[in-house]
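Engineer: This structure is in structure tokens; I'll ask about it shortly.
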Amino acid sequence: MKADISVAHVLPLPDSQRLLIKNMVCPQCIRVVKEELAALGLHVHRVALGEADVSTPDGAAPDYAAIRTSLHEAGFELLEDPRAQLVDRIKTLLVALIHYPPPGPRLLNYSDYLVEHLGKDYHYLSHLFSASEGLTIEKFIIRQKVERAKELIGYGELSIAEVAQQLGYSSPAHLSRQFRQVTGLTPTEFQKLGPASHARRSLDSLI
């Protein structure tokens, strides 16, 4: 099964159950979750960031207690509260969009994107996210963009201006301001520290 890091909404297959899973932030997470679910004897139809579609061989309901335990031991969490599911979906959509962007022009209006994919009013999403996470969606986006900028700078293949353009900043100065707010350094200062200092914080520590 190919790792699915897309953010497009896909309906679950008939007779399958959709599981919403916290702490899935990369293709490696997708592979691990697939293996954990398959080890429980489940048919795994699809695994993407933050979700998996499964069914049982006899068509009965999955053993959610066993799934919960297995995922927990692997560092994930089965989300069952609807509000927690929605908050995690916000995070998953933003992480996928910033760190694994689809081909084409860079999306700039994150609020419209969330409304389109979640079918909820942005004011409601913003209030729910802030109440749950203790920071705004906007600040979460800045953190993720700075982490992505650190990664791109670490590759050493792009100029600061090219990194800013790739991440949708209006100018290198705009990137520099936000980068310094988060890290205490400008992108240029960070770049001069060398490869040993370019390791990103793991994405799951940021969500």
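In the structure tokens, each chain is lettered A, B, ... as it comes, each chain's residues begin at 1, and ligands are numbered from 1 in order of appearance.
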Write out as a ChimeraX atom specification which residues come within 12 Å of A:Glu73 when counting only C-alpha atoms, dropping same-chain ones fewer than 6 positions away.

Structural biologist: /A:32-33,36,66-67

Engineer: Run DSSP on the backbone and tell me which residues of stretch 59-178 of chain A come out as alpha helix (DSSP H); list them as a ChimeraX atom specification.

Structural biologist: /A:64-73,82-99,110-118,122-133,137-155,160-166,172-178

Engineer: List the neighbours of A:Ala161 out to 9 Å using only C-alpha atoms; skip same-chain residues closer than 6 positions along the sequence, and give me the result as a list in words.

Structural biologist: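 Residues meeting the cut-off are Ser171, Pro172, Ala173 and Leu175 of chain A.
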
Engineer: Filtering to N, CA and C atoms, could you give me those residues as a CSV table (one decimal), in the first residue's frame?

Structural biologist:
chain,number,residue,atom,x,y,z
A,171,SER,N,7.6,38.1,1.4
A,171,SER,CA,8.9,38.5,1.1
A,171,SER,C,9.9,37.7,2.1
A,172,PRO,N,11.2,37.7,1.8
A,172,PRO,CA,12.1,37.1,2.7
A,172,PRO,C,12.1,37.8,4.1
A,173,ALA,N,11.8,39.1,4.1
A,173,ALA,CA,11.8,39.8,5.4
A,173,ALA,C,10.6,39.3,6.2
A,175,LEU,N,9.3,36.2,6.2
A,175,LEU,CA,9.8,34.9,6.7
A,175,LEU,C,10.8,35.2,7.8

Engineer: Report as number ranges by chain all protein, DNA and RNA residues lying within 12 Å of stretch 75-84 of chain A, evaluated on only C-alpha atoms, omitting residues in the same chain fewer than 5 positions from it.

Structural biologist: A: 18-25, 29-30, 32-33, 36-37, 49-52, 64-70, 89-91, 124-125, 127-129, 131-133, 204-205

Engineer: List every residue of chain A that DSSP, applied to the backbone of this structure, places in strand (DSSP E), and write the result as a list of chain:residue names.

Structural biologist: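 Going through chain A, the strand (DSSP E) residues come out as A:Gln17, A:Arg18, A:Leu19, A:Leu20, A:Ile21, A:Lys22, A:His43, A:Val44, A:His45, A:Arg46, A:Val47, A:Ala48, A:Glu51, A:Ala52, A:Asp53, A:Val54, A:Ser55, A:Glu77, A:Leu78, A:Leu79.
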
Engineer: Just the selected residues (N, CA, C and O atoms), exported as a PDB file, in the first residue's frame, please.

Structural biologist:
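Full text of part28.pdb as output:
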ATOM      1  N   GLN A  17     -14.900   0.757   8.449  1.00  0.00           N
ATOM      2  CA  GLN A  17     -14.987   1.711   9.549  1.00  0.00           C
ATOM      3  C   GLN A  17     -13.802   2.670   9.458  1.00  0.00           C
ATOM      4  O   GLN A  17     -12.666   2.238   9.244  1.00  0.00           O
ATOM      5  N   ARG A  18     -14.084   3.960   9.614  1.00  0.00           N
ATOM      6  CA  ARG A  18     -12.995   4.939   9.590  1.00  0.00           C
ATOM      7  C   ARG A  18     -12.514   5.200  11.007  1.00  0.00           C
ATOM      8  O   ARG A  18     -13.296   5.534  11.899  1.00  0.00           O
ATOM      9  N   LEU A  19     -11.226   5.044  11.210  1.00  0.00           N
ATOM     10  CA  LEU A  19     -10.587   5.348  12.482  1.00  0.00           C
ATOM     11  C   LEU A  19      -9.849   6.669  12.351  1.00  0.00           C
ATOM     12  O   LEU A  19      -9.116   6.884  11.372  1.00  0.00           O
ATOM     13  N   LEU A  20     -10.031   7.559  13.314  1.00  0.00           N
ATOM     14  CA  LEU A  20      -9.279   8.807  13.345  1.00  0.00           C
ATOM     15  C   LEU A  20      -8.189   8.682  14.391  1.00  0.00           C
ATOM     16  O   LEU A  20      -8.462   8.308  15.540  1.00  0.00           O
ATOM     17  N   ILE A  21      -6.967   8.979  13.985  1.00  0.00           N
ATOM     18  CA  ILE A  21      -5.797   8.623  14.792  1.00  0.00           C
ATOM     19  C   ILE A  21      -4.902   9.838  14.994  1.00  0.00           C
ATOM     20  O   ILE A  21      -4.517  10.509  14.028  1.00  0.00           O
ATOM     21  N   LYS A  22      -4.559  10.096  16.241  1.00  0.00           N
ATOM     22  CA  LYS A  22      -3.705  11.232  16.589  1.00  0.00           C
ATOM     23  C   LYS A  22      -2.231  10.857  16.492  1.00  0.00           C
ATOM     24  O   LYS A  22      -1.850   9.717  16.705  1.00  0.00           O
ATOM     25  N   HIS A  43      -8.763  -6.015   7.954  1.00  0.00           N
ATOM     26  CA  HIS A  43      -8.510  -5.667   6.559  1.00  0.00           C
ATOM     27  C   HIS A  43      -8.272  -4.160   6.515  1.00  0.00           C
ATOM     28  O   HIS A  43      -9.138  -3.374   6.905  1.00  0.00           O
ATOM     29  N   VAL A  44      -7.103  -3.744   6.066  1.00  0.00           N
ATOM     30  CA  VAL A  44      -6.758  -2.327   6.021  1.00  0.00           C
ATOM     31  C   VAL A  44      -6.927  -1.841   4.584  1.00  0.00           C
ATOM     32  O   VAL A  44      -6.141  -2.175   3.701  1.00  0.00           O
ATOM     33  N   HIS A  45      -7.978  -1.074   4.363  1.00  0.00           N
ATOM     34  CA  HIS A  45      -8.300  -0.637   3.001  1.00  0.00           C
ATOM     35  C   HIS A  45      -7.537   0.622   2.616  1.00  0.00           C
ATOM     36  O   HIS A  45      -7.168   0.780   1.447  1.00  0.00           O
ATOM     37  N   ARG A  46      -7.308   1.490   3.565  1.00  0.00           N
ATOM     38  CA  ARG A  46      -6.644   2.764   3.264  1.00  0.00           C
ATOM     39  C   ARG A  46      -6.102   3.351   4.553  1.00  0.00           C
ATOM     40  O   ARG A  46      -6.769   3.320   5.590  1.00  0.00           O
ATOM     41  N   VAL A  47      -4.890   3.877   4.474  1.00  0.00           N
ATOM     42  CA  VAL A  47      -4.317   4.613   5.598  1.00  0.00           C
ATOM     43  C   VAL A  47      -3.769   5.928   5.059  1.00  0.00           C
ATOM     44  O   VAL A  47      -3.036   5.939   4.066  1.00  0.00           O
ATOM     45  N   ALA A  48      -4.143   7.027   5.688  1.00  0.00           N
ATOM     46  CA  ALA A  48      -3.648   8.353   5.321  1.00  0.00           C
ATOM     47  C   ALA A  48      -3.290   9.079   6.601  1.00  0.00           C
ATOM     48  O   ALA A  48      -3.497   8.552   7.704  1.00  0.00           O
ATOM     49  N   GLU A  51      -5.900   9.083   9.641  1.00  0.00           N
ATOM     50  CA  GLU A  51      -7.071   8.226   9.513  1.00  0.00           C
ATOM     51  C   GLU A  51      -6.725   6.895   8.847  1.00  0.00           C
ATOM     52  O   GLU A  51      -5.729   6.763   8.145  1.00  0.00           O
ATOM     53  N   ALA A  52      -7.611   5.920   9.098  1.00  0.00           N
ATOM     54  CA  ALA A  52      -7.474   4.609   8.467  1.00  0.00           C
ATOM     55  C   ALA A  52      -8.858   4.014   8.286  1.00  0.00           C
ATOM     56  O   ALA A  52      -9.730   4.153   9.152  1.00  0.00           O
ATOM     57  N   ASP A  53      -9.078   3.347   7.163  1.00  0.00           N
ATOM     58  CA  ASP A  53     -10.330   2.657   6.890  1.00  0.00           C
ATOM     59  C   ASP A  53     -10.084   1.155   7.003  1.00  0.00           C
ATOM     60  O   ASP A  53      -9.213   0.603   6.310  1.00  0.00           O
ATOM     61  N   VAL A  54     -10.845   0.508   7.887  1.00  0.00           N
ATOM     62  CA  VAL A  54     -10.624  -0.915   8.148  1.00  0.00           C
ATOM     63  C   VAL A  54     -11.953  -1.657   8.172  1.00  0.00           C
ATOM     64  O   VAL A  54     -13.018  -1.055   8.315  1.00  0.00           O
ATOM     65  N   SER A  55     -11.859  -2.976   8.047  1.00  0.00           N
ATOM     66  CA  SER A  55     -13.018  -3.843   8.247  1.00  0.00           C
ATOM     67  C   SER A  55     -12.524  -5.158   8.822  1.00  0.00           C
ATOM     68  O   SER A  55     -11.320  -5.447   8.812  1.00  0.00           O
ATOM     69  N   GLU A  77      -2.808   7.562  19.086  1.00  0.00           N
ATOM     70  CA  GLU A  77      -3.997   7.610  19.935  1.00  0.00           C
ATOM     71  C   GLU A  77      -5.247   7.529  19.071  1.00  0.00           C
ATOM     72  O   GLU A  77      -5.391   8.298  18.111  1.00  0.00           O
ATOM     73  N   LEU A  78      -6.128   6.603  19.406  1.00  0.00           N
ATOM     74  CA  LEU A  78      -7.407   6.497  18.714  1.00  0.00           C
ATOM     75  C   LEU A  78      -8.322   7.589  19.240  1.00  0.00           C
ATOM     76  O   LEU A  78      -8.597   7.657  20.439  1.00  0.00           O
ATOM     77  N   LEU A  79      -8.784   8.452  18.349  1.00  0.00           N
ATOM     78  CA  LEU A  79      -9.624   9.578  18.753  1.00  0.00           C
ATOM     79  C   LEU A  79     -11.095   9.180  18.661  1.00  0.00           C
ATOM     80  O   LEU A  79     -11.558   8.750  17.606  1.00  0.00           O
TER      81      LEU A  79
END

Engineer: Could you pull the residues within 10 Å of A:Phe179, counting only C-alpha atoms, minus those fewer than 3 positions along the same chain, as an MDAnalysis selection string?

Structural biologist: chainID A and resid 142:143 145:147 149:150 173:176 182:187 190

Engineer: For A:Gly154, which residue among A:Ile141, A:Gln181, A:Leu118, A:Lys192 is the nearest when counting only C-alpha atoms?

Structural biologist: A:Lys192

Engineer: Find the distance between atom CA of A:Gly168 and atom CA of A:Cys26 and write it in Å to one decimal.

Structural biologist: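 Answer for the atom CA of A:Gly168 to atom CA of A:Cys26 separation: 21.4 Å.
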
Engineer: Just how far from atom CA of A:Ala39 is atom CA of A:Gly59, in Å to one decimal?

Structural biologist: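 We find that atom CA of A:Gly59 and atom CA of A:Ala39 lie 17.1 Å from each other.
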